[in-house]
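Note: the block below is coords-v9.cif and it holds mmCIF, C-alpha atoms and all ligand atoms; chains and numbers go by the auth columns.
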```cif
data_input
#
loop_
_atom_site.group_PDB
_atom_site.id
_atom_site.type_symbol
_atom_site.label_atom_id
_atom_site.label_comp_id
_atom_site.label_asym_id
_atom_site.label_seq_id
_atom_site.Cartn_x
_atom_site.Cartn_y
_atom_site.Cartn_z
_atom_site.B_iso_or_equiv
_atom_site.auth_seq_id
_atom_site.auth_asym_id
ATOM 1 C CA MET A 1 50.972 37.823 36.300 0.00 7 L
ATOM 2 C CA ARG A 2 48.375 35.167 35.722 0.00 8 L
ATOM 3 C CA ILE A 3 44.776 35.952 36.558 0.00 9 L
ATOM 4 C CA LEU A 4 41.857 33.546 36.680 0.00 10 L
ATOM 5 C CA LEU A 5 38.715 35.327 35.538 0.00 11 L
ATOM 6 C CA VAL A 6 35.429 33.671 36.531 0.00 12 L
ATOM 7 C CA GLU A 7 32.498 35.376 34.814 0.00 13 L
ATOM 8 C CA ASP A 8 29.494 33.770 33.134 0.00 14 L
ATOM 9 C CA ASP A 9 28.409 36.804 31.103 0.00 15 L
ATOM 10 C CA PRO A 10 30.074 36.287 27.683 0.00 16 L
ATOM 11 C CA THR A 11 30.142 39.962 26.699 0.00 17 L
ATOM 12 C CA LEU A 12 31.434 41.207 30.017 0.00 18 L
ATOM 13 C CA GLY A 13 33.876 38.301 30.350 0.00 19 L
ATOM 14 C CA SER A 14 35.423 38.849 26.957 0.00 20 L
ATOM 15 C CA GLY A 15 35.634 42.610 27.583 0.00 21 L
ATOM 16 C CA ILE A 16 37.396 42.087 30.906 0.00 22 L
ATOM 17 C CA ARG A 17 39.730 39.497 29.429 0.00 23 L
ATOM 18 C CA SER A 18 40.843 41.639 26.517 0.00 24 L
ATOM 19 C CA GLY A 19 41.172 44.668 28.792 0.00 25 L
ATOM 20 C CA LEU A 20 43.356 42.800 31.267 0.00 26 L
ATOM 21 C CA GLU A 21 45.443 41.278 28.484 0.00 27 L
ATOM 22 C CA GLY A 22 45.938 44.742 27.043 0.00 28 L
ATOM 23 C CA ALA A 23 47.139 45.818 30.480 0.00 29 L
ATOM 24 C CA GLY A 24 49.797 43.086 30.355 0.00 30 L
ATOM 25 C CA PHE A 25 48.154 40.339 32.412 0.00 31 L
ATOM 26 C CA THR A 26 47.871 36.704 31.392 0.00 32 L
ATOM 27 C CA VAL A 27 44.188 35.785 31.693 0.00 33 L
ATOM 28 C CA ASP A 28 42.502 32.396 31.851 0.00 34 L
ATOM 29 C CA TRP A 29 38.713 32.629 31.750 0.00 35 L
ATOM 30 C CA LEU A 30 36.113 30.193 33.054 0.00 36 L
ATOM 31 C CA MET A 31 32.341 30.629 33.073 0.00 37 L
ATOM 32 C CA ASP A 32 31.147 28.395 35.909 0.00 38 L
ATOM 33 C CA GLY A 33 31.963 28.069 39.581 0.00 39 L
ATOM 34 C CA ASP A 34 32.611 24.359 39.637 0.00 40 L
ATOM 35 C CA GLY A 35 35.210 24.442 36.844 0.00 41 L
ATOM 36 C CA ALA A 36 36.829 27.456 38.473 0.00 42 L
ATOM 37 C CA LEU A 37 37.161 25.702 41.825 0.00 43 L
ATOM 38 C CA GLN A 38 38.816 22.703 40.135 0.00 44 L
ATOM 39 C CA ALA A 39 41.236 25.009 38.293 0.00 45 L
ATOM 40 C CA LEU A 40 42.068 26.887 41.501 0.00 46 L
ATOM 41 C CA LEU A 41 42.756 23.711 43.422 0.00 47 L
ATOM 42 C CA SER A 42 44.956 22.212 40.719 0.00 48 L
ATOM 43 C CA GLU A 43 46.781 25.164 39.136 0.00 49 L
ATOM 44 C CA SER A 44 48.653 28.220 40.229 0.00 50 L
ATOM 45 C CA PHE A 45 47.437 31.783 39.626 0.00 51 L
ATOM 46 C CA ASP A 46 48.434 35.186 41.012 0.00 52 L
ATOM 47 C CA LEU A 47 44.921 36.495 41.532 0.00 53 L
ATOM 48 C CA VAL A 48 41.249 35.676 40.932 0.00 54 L
ATOM 49 C CA VAL A 49 38.584 38.020 39.577 0.00 55 L
ATOM 50 C CA LEU A 50 35.371 36.362 40.661 0.00 56 L
ATOM 51 C CA ASP A 51 31.753 37.028 39.734 0.00 57 L
ATOM 52 C CA ILE A 52 29.218 36.140 42.446 0.00 58 L
ATOM 53 C CA GLY A 53 26.250 34.961 40.362 0.00 59 L
ATOM 54 C CA LEU A 54 27.615 31.868 38.582 0.00 60 L
ATOM 55 C CA PRO A 55 26.177 28.586 37.297 0.00 61 L
ATOM 56 C CA LYS A 56 26.925 25.267 39.072 0.00 62 L
ATOM 57 C CA LEU A 57 28.580 26.852 42.117 0.00 63 L
ATOM 58 C CA ASP A 58 28.042 30.483 43.093 0.00 64 L
ATOM 59 C CA GLY A 59 31.029 32.744 43.682 0.00 65 L
ATOM 60 C CA LEU A 60 30.615 33.041 47.456 0.00 66 L
ATOM 61 C CA SER A 61 30.384 29.253 47.971 0.00 67 L
ATOM 62 C CA LEU A 62 33.380 28.785 45.688 0.00 68 L
ATOM 63 C CA LEU A 63 35.334 31.335 47.690 0.00 69 L
ATOM 64 C CA LYS A 64 34.450 29.732 51.003 0.00 70 L
ATOM 65 C CA ARG A 65 35.490 26.273 49.812 0.00 71 L
ATOM 66 C CA PHE A 66 38.687 27.648 48.338 0.00 72 L
ATOM 67 C CA ARG A 67 39.602 29.437 51.586 0.00 73 L
ATOM 68 C CA ASP A 68 38.693 26.333 53.607 0.00 74 L
ATOM 69 C CA GLU A 69 41.520 24.603 51.698 0.00 75 L
ATOM 70 C CA GLY A 70 43.861 27.163 53.246 0.00 76 L
ATOM 71 C CA ASN A 71 44.556 29.058 50.031 0.00 77 L
ATOM 72 C CA LYS A 72 45.514 32.726 50.477 0.00 78 L
ATOM 73 C CA LEU A 73 45.414 33.806 46.819 0.00 79 L
ATOM 74 C CA PRO A 74 44.078 37.380 46.388 0.00 80 L
ATOM 75 C CA VAL A 75 40.423 37.367 45.300 0.00 81 L
ATOM 76 C CA LEU A 76 38.586 40.369 43.907 0.00 82 L
ATOM 77 C CA ILE A 77 34.836 39.946 43.728 0.00 83 L
ATOM 78 C CA LEU A 78 32.698 41.438 40.955 0.00 84 L
ATOM 79 C CA SER A 79 29.050 41.786 41.701 0.00 85 L
ATOM 80 C CA ALA A 80 25.944 43.420 40.394 0.00 86 L
ATOM 81 C CA ARG A 81 24.449 43.214 43.853 0.00 87 L
ATOM 82 C CA ASP A 82 24.799 46.617 45.339 0.00 88 L
ATOM 83 C CA THR A 83 23.857 45.913 48.899 0.00 89 L
ATOM 84 C CA VAL A 84 26.016 46.423 51.943 0.00 90 L
ATOM 85 C CA LEU A 85 25.154 42.936 53.190 0.00 91 L
ATOM 86 C CA ASP A 86 26.489 41.250 50.035 0.00 92 L
ATOM 87 C CA ARG A 87 29.727 43.131 50.319 0.00 93 L
ATOM 88 C CA ILE A 88 30.085 42.187 53.971 0.00 94 L
ATOM 89 C CA VAL A 89 29.340 38.527 53.242 0.00 95 L
ATOM 90 C CA GLY A 90 31.850 38.574 50.366 0.00 96 L
ATOM 91 C CA LEU A 91 34.620 40.038 52.489 0.00 97 L
ATOM 92 C CA ASP A 92 33.781 37.748 55.408 0.00 98 L
ATOM 93 C CA ASN A 93 33.988 34.763 53.072 0.00 99 L
ATOM 94 C CA GLY A 94 37.562 35.655 52.229 0.00 100 L
ATOM 95 C CA ALA A 95 37.424 38.221 49.418 0.00 101 L
ATOM 96 C CA ASP A 96 40.242 40.783 49.468 0.00 102 L
ATOM 97 C CA ASP A 97 38.433 43.433 47.502 0.00 103 L
ATOM 98 C CA TYR A 98 35.115 44.159 45.885 0.00 104 L
ATOM 99 C CA LEU A 99 33.922 45.972 42.743 0.00 105 L
ATOM 100 C CA ILE A 100 30.302 46.656 41.883 0.00 106 L
ATOM 101 C CA LYS A 101 29.128 46.338 38.288 0.00 107 L
ATOM 102 C CA PRO A 102 29.223 48.408 36.217 0.00 108 L
ATOM 103 C CA PHE A 103 32.772 49.478 36.996 0.00 109 L
ATOM 104 C CA ASP A 104 35.519 51.384 35.287 0.00 110 L
ATOM 105 C CA MET A 105 38.254 49.140 33.838 0.00 111 L
ATOM 106 C CA ASP A 106 40.982 51.512 35.040 0.00 112 L
ATOM 107 C CA GLU A 107 39.714 51.058 38.573 0.00 113 L
ATOM 108 C CA LEU A 108 39.814 47.286 38.150 0.00 114 L
ATOM 109 C CA TYR A 109 43.468 47.467 36.999 0.00 115 L
ATOM 110 C CA ALA A 110 44.394 49.734 39.902 0.00 116 L
ATOM 111 C CA ARG A 111 42.746 47.425 42.451 0.00 117 L
ATOM 112 C CA ILE A 112 44.477 44.404 40.923 0.00 118 L
ATOM 113 C CA ARG A 113 47.841 46.166 41.089 0.00 119 L
ATOM 114 C CA ALA A 114 47.216 47.040 44.740 0.00 120 L
ATOM 115 C CA LEU A 115 46.360 43.412 45.591 0.00 121 L
ATOM 116 C CA LEU A 116 49.416 42.094 43.742 0.00 122 L
ATOM 117 C CA ARG A 117 51.607 44.630 45.514 0.00 123 L
ATOM 118 C CA ARG A 118 50.380 43.362 48.864 0.00 124 L
ATOM 119 C CA LYS A 119 50.901 39.769 47.730 0.00 125 L
ATOM 120 C CA ALA A 120 54.493 40.603 46.783 0.00 126 L
ATOM 121 C CA ASP A 121 54.872 42.284 50.194 0.00 127 L
ATOM 122 C CA ARG A 122 55.842 45.627 48.682 0.00 128 L
ATOM 123 C CA ALA A 123 55.023 48.882 50.420 0.00 129 L
ATOM 124 C CA THR A 124 55.359 51.145 47.386 0.00 130 L
ATOM 125 C CA PRO A 125 53.843 50.980 43.896 0.00 131 L
ATOM 126 C CA LEU A 126 57.292 50.982 42.234 0.00 132 L
ATOM 127 C CA VAL A 127 59.553 47.945 42.074 0.00 133 L
ATOM 128 C CA ASN A 128 63.143 48.986 42.804 0.00 134 L
ATOM 129 C CA TYR A 129 66.177 46.805 42.205 0.00 135 L
ATOM 130 C CA GLY A 130 69.649 48.288 41.914 0.00 136 L
ATOM 131 C CA ASP A 131 69.657 50.614 38.892 0.00 137 L
ATOM 132 C CA LEU A 132 66.268 49.296 37.813 0.00 138 L
ATOM 133 C CA VAL A 133 62.889 50.836 38.571 0.00 139 L
ATOM 134 C CA LEU A 134 59.759 49.150 37.274 0.00 140 L
ATOM 135 C CA ASP A 135 56.355 50.800 37.369 0.00 141 L
ATOM 136 C CA PRO A 136 53.498 48.269 37.141 0.00 142 L
ATOM 137 C CA ALA A 137 50.934 51.024 36.500 0.00 143 L
ATOM 138 C CA THR A 138 52.577 52.661 33.498 0.00 144 L
ATOM 139 C CA ARG A 139 54.632 49.595 32.499 0.00 145 L
ATOM 140 C CA ILE A 140 57.672 51.830 32.182 0.00 146 L
ATOM 141 C CA VAL A 141 61.084 50.529 33.198 0.00 147 L
ATOM 142 C CA THR A 142 63.877 52.922 34.070 0.00 148 L
ATOM 143 C CA PHE A 143 67.471 51.701 33.981 0.00 149 L
ATOM 144 C CA LYS A 144 70.263 53.978 35.218 0.00 150 L
ATOM 145 C CA GLY A 145 67.825 56.870 35.042 0.00 151 L
ATOM 146 C CA LYS A 146 66.774 56.253 31.431 0.00 152 L
ATOM 147 C CA PRO A 147 63.437 54.823 30.318 0.00 153 L
ATOM 148 C CA VAL A 148 63.583 51.456 28.544 0.00 154 L
ATOM 149 C CA VAL A 149 60.636 50.272 26.488 0.00 155 L
ATOM 150 C CA LEU A 150 59.995 46.556 26.901 0.00 156 L
ATOM 151 C CA PRO A 151 57.636 44.300 24.934 0.00 157 L
ATOM 152 C CA THR A 152 54.771 43.056 27.150 0.00 158 L
ATOM 153 C CA LYS A 153 56.111 39.548 27.781 0.00 159 L
ATOM 154 C CA GLU A 154 59.564 40.823 28.681 0.00 160 L
ATOM 155 C CA PHE A 155 58.019 43.331 31.071 0.00 161 L
ATOM 156 C CA VAL A 156 55.880 40.634 32.707 0.00 162 L
ATOM 157 C CA LEU A 157 58.858 38.292 33.042 0.00 163 L
ATOM 158 C CA LEU A 158 61.052 41.011 34.567 0.00 164 L
ATOM 159 C CA HIS A 159 58.268 41.945 36.983 0.00 165 L
ATOM 160 C CA LEU A 160 57.844 38.286 37.992 0.00 166 L
ATOM 161 C CA LEU A 161 61.582 37.860 38.623 0.00 167 L
ATOM 162 C CA LEU A 162 61.891 41.126 40.573 0.00 168 L
ATOM 163 C CA ASP A 163 58.871 40.271 42.727 0.00 169 L
ATOM 164 C CA ASN A 164 60.621 37.000 43.619 0.00 170 L
ATOM 165 C CA THR A 165 64.251 37.980 44.189 0.00 171 L
ATOM 166 C CA GLY A 166 66.281 35.232 45.808 0.00 172 L
ATOM 167 C CA ARG A 167 63.766 32.624 44.703 0.00 173 L
ATOM 168 C CA LEU A 168 64.323 30.152 41.902 0.00 174 L
ATOM 169 C CA ILE A 169 61.527 30.182 39.322 0.00 175 L
ATOM 170 C CA SER A 170 61.168 27.219 36.996 0.00 176 L
ATOM 171 C CA ARG A 171 60.705 27.619 33.271 0.00 177 L
ATOM 172 C CA GLU A 172 57.336 25.870 33.574 0.00 178 L
ATOM 173 C CA LYS A 173 56.158 28.417 36.104 0.00 179 L
ATOM 174 C CA ILE A 174 57.392 31.288 33.938 0.00 180 L
ATOM 175 C CA GLU A 175 55.569 29.932 30.889 0.00 181 L
ATOM 176 C CA GLU A 176 52.403 29.386 32.903 0.00 182 L
ATOM 177 C CA ARG A 177 52.612 33.005 34.100 0.00 183 L
ATOM 178 C CA LEU A 178 53.305 34.367 30.605 0.00 184 L
ATOM 179 C CA TYR A 179 50.821 32.314 28.607 0.00 185 L
ATOM 180 C CA GLY A 180 48.334 30.483 30.857 0.00 186 L
ATOM 181 C CA TRP A 181 46.173 28.060 28.910 0.00 187 L
ATOM 182 C CA ARG A 182 47.076 29.802 25.679 0.00 188 L
ATOM 183 C CA LEU A 183 50.543 28.320 25.735 0.00 189 L
ATOM 184 C CA THR A 184 51.354 27.357 22.154 0.00 190 L
ATOM 185 C CA VAL A 185 54.857 28.720 21.983 0.00 191 L
ATOM 186 C CA GLU A 186 58.121 27.050 21.142 0.00 192 L
ATOM 187 C CA SER A 187 59.704 25.720 24.287 0.00 193 L
ATOM 188 C CA ASN A 188 62.702 28.063 23.990 0.00 194 L
ATOM 189 C CA THR A 189 60.674 31.293 24.250 0.00 195 L
ATOM 190 C CA THR A 190 61.632 31.852 27.871 0.00 196 L
ATOM 191 C CA GLU A 191 65.339 31.603 27.004 0.00 197 L
ATOM 192 C CA VAL A 192 64.819 34.207 24.294 0.00 198 L
ATOM 193 C CA HIS A 193 63.113 36.635 26.714 0.00 199 L
ATOM 194 C CA ILE A 194 65.839 36.052 29.320 0.00 200 L
ATOM 195 C CA HIS A 195 68.491 36.678 26.673 0.00 201 L
ATOM 196 C CA HIS A 196 66.869 40.000 25.745 0.00 202 L
ATOM 197 C CA LEU A 197 66.557 41.087 29.385 0.00 203 L
ATOM 198 C CA ARG A 198 70.242 40.311 30.007 0.00 204 L
ATOM 199 C CA LYS A 199 71.223 42.281 26.916 0.00 205 L
ATOM 200 C CA LYS A 200 69.275 45.303 28.150 0.00 206 L
ATOM 201 C CA PHE A 201 70.101 45.183 31.867 0.00 207 L
ATOM 202 C CA GLY A 202 73.355 43.260 32.167 0.00 208 L
ATOM 203 C CA LYS A 203 74.286 39.581 32.190 0.00 209 L
ATOM 204 C CA GLU A 204 74.559 39.386 35.968 0.00 210 L
ATOM 205 C CA LEU A 205 70.908 40.382 36.575 0.00 211 L
ATOM 206 C CA ILE A 206 69.501 36.902 35.998 0.00 212 L
ATOM 207 C CA ILE A 207 71.141 33.694 37.181 0.00 213 L
ATOM 208 C CA THR A 208 70.434 30.469 35.293 0.00 214 L
ATOM 209 C CA VAL A 209 70.304 27.302 37.374 0.00 215 L
ATOM 210 C CA ARG A 210 70.710 24.587 34.785 0.00 216 L
ATOM 211 C CA GLY A 211 67.714 22.301 34.557 0.00 217 L
ATOM 212 C CA ALA A 212 65.956 24.141 37.386 0.00 218 L
ATOM 213 C CA GLY A 213 65.126 27.678 36.310 0.00 219 L
ATOM 214 C CA TYR A 214 66.052 31.331 36.753 0.00 220 L
ATOM 215 C CA MET A 215 66.615 33.689 39.626 0.00 221 L
ATOM 216 C CA VAL A 216 67.406 37.342 40.301 0.00 222 L
ATOM 217 C CA PRO A 217 69.726 37.494 43.347 0.00 223 L
ATOM 218 C CA LYS A 218 68.300 38.945 46.546 0.00 224 L
ATOM 219 C CA THR A 219 70.412 42.114 46.468 0.00 225 L
ATOM 220 C CA ALA A 220 71.554 44.043 43.438 0.00 226 L
HETATM 221 CA CA CA B . 27.016 36.343 36.710 0.00 301 E
#
```
Please re-express this file's structure in structure tokens.
Amino acid sequence: MRILLVEDDPTLGSGIRSGLEGAGFTVDWLMDGDGALQALLSESFDLVVLDIGLPKLDGLSLLKRFRDEGNKLPVLILSARDTVLDRIVGLDNGADDYLIKPFDMDELYARIRALLRRKADRATPLVNYGDLVLDPATRIVTFKGKPVVLPTKEFVLLHLLLDNTGRLISREKIEERLYGWRLTVESNTTEVHIHHLRKKFGKELIITVRGAGYMVPKTA
């Protein structure tokens, strides 16, 4: 899952980024509101973690302009301002959730997981597909009742495919989700991850559509 982090405090920003990356998210980080708005309008993310006090364009104005474009991407606001009014204004401007600084990183992860679950239209925290059960919180995958340990990128790719069953996902989109702006990998990395997932969970799990991308069928 690819998250855009917009935070102008270098210490806090780098702490949040490394925390989220450690939790298995792909994170792209920008420090001003104007650059963030441009990125949001031109690229595709799964969620935004947005500070309110930002240079060039403040977080609430950014959010309003972004929503005015009709974009429904989940947005979680971070703010030092602990007033009820700020929270109300944030939510009324289109935020989906709100955390007040200082916050506990585990709470941030849990809120992000909840927002992504809603985005994927899932009622339960676990992702179930045939003999596969994937737990986004613990990052444990169970296959035919046995736990399978997956490297982070393989886990993220499996999660992406299972959240989009019946939908074709291009290699470009997969790479964007796995690496964001840090993409420096060989172009065959996705094939390698897919190969490993098929070896672990069966060939038939993932369909390749030549020249177009990959898909997990709607029903197992
Ligand atoms: Ca700030």
Can you tell me, as JSON, the centre and edge lengths (Å, one decimal) of the axis-aligned box enclosing all of region 120-128 of chain L's listed atoms after padding each side by 5 Å?
```
{"center_x": 51.1, "center_y": 43.4, "center_z": 47.0, "size_x": 19.5, "size_y": 17.3, "size_z": 16.5}
```
Within 6 Å of region 174-188 of chain L using only C-alpha atoms, minus same-chain residues under 6 positions, as a ChimeraX atom specification: /L:7-8,32,218-221
Please identify every residue of region 112-225 of chain L that has at least one atom no farther than 10 Å from an atom of region 71-79 of chain L, counting all atoms listed in the file, and for each give the shortest atom pair and the distance in Å to one decimal, arranged by chain then increasing number, as CSV.
```
residue,atom,partner,partner_atom,distance
L:Leu121,CA,L:Leu79,CA,9.7
L:Leu122,CA,L:Leu79,CA,9.7
L:Lys125,CA,L:Leu79,CA,8.2
```
Given 10 Å and all atoms listed in the file, residues near ligand CA 301 (chain E) as number ranges by chain: L: 12-16, 18-19, 37-38, 56-61, 64-65, 84-86
Answer key for the PyMOL selection byres (((chain L and resi 112-117) around 8) and not hetatm), residues as a ChimeraX atom specification: /L:26,29,103,105,109-111,118-121,143
Nearest to Val81 (chain L), chosen from L:Val55, L:Ala126, L:Leu138, L:Leu47, with all atoms listed in the file counted in the distances: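 So, comparing all the options, the nearest one is L:Val55.
Distances to Val33 (chain L) were evaluated for L:Gly21, L:Pro223, L:Pro142, L:Gly96 using only C-alpha atoms, and the minimum falls at L:Gly21.
In this model, the gap between CA of Trp35 (chain L) and CA of Lys70 (chain L) comes to 19.9 Å.
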Atomic separation - CA of Lys62 (chain L) relative to CA of Ser48 (chain L), Å: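 Distance between the two atoms: 18.4 Å.
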Neighbour list for Thr158 (chain L) as number ranges by chain, cut-off 7 Å, only C-alpha atoms, skip fewer than 3 positions in-chain: L: 30, 161-162
Atomic distance CA of Leu189 (chain L) - CA of Leu163 (chain L), expressed in Å with one decimal: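 The value is 14.9 Å.
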Nearest candidate to Glu160 (chain L) (options L:Asn99, L:Thr225, L:Ser20, L:Thr196; using all atoms listed in the file):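 Residue with the minimum atom-to-atom distance to Glu160 (chain L): L:Thr196.
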Contact residues around region 148-152 of chain L with all atoms listed in the file at 6 Å, ignoring same-chain residues under 2 positions, as a ChimeraX atom specification: /L:137-139,154
Polymer residues at most 10 Å from Ile200 (chain L), all atoms listed in the file, same-chain spacing of 5 or more positions, as a PyMOL selection string: chain L and resi 160+163-164+195+205-206+209+211-214+220
Option closest in space to His165 (chain L), from L:Leu140, L:Leu203, L:Ile83, L:Leu132 [counting all atoms listed in the file]: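 When distances to His165 (chain L) are compared using all atoms listed in the file, the smallest one comes from L:Leu140.
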Selection result of the PyMOL selection byres (((chain L and resi 51) around 7) and not hetatm) on this file, as an NGL selection string: :L and (8-10 or 49-50 or 52-53)
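With distances taken over all atoms listed in the file, L:Lys224 is the one residue among L:Arg145, L:Lys159, L:Lys224, L:Arg216 lying closest to Thr171 (chain L).
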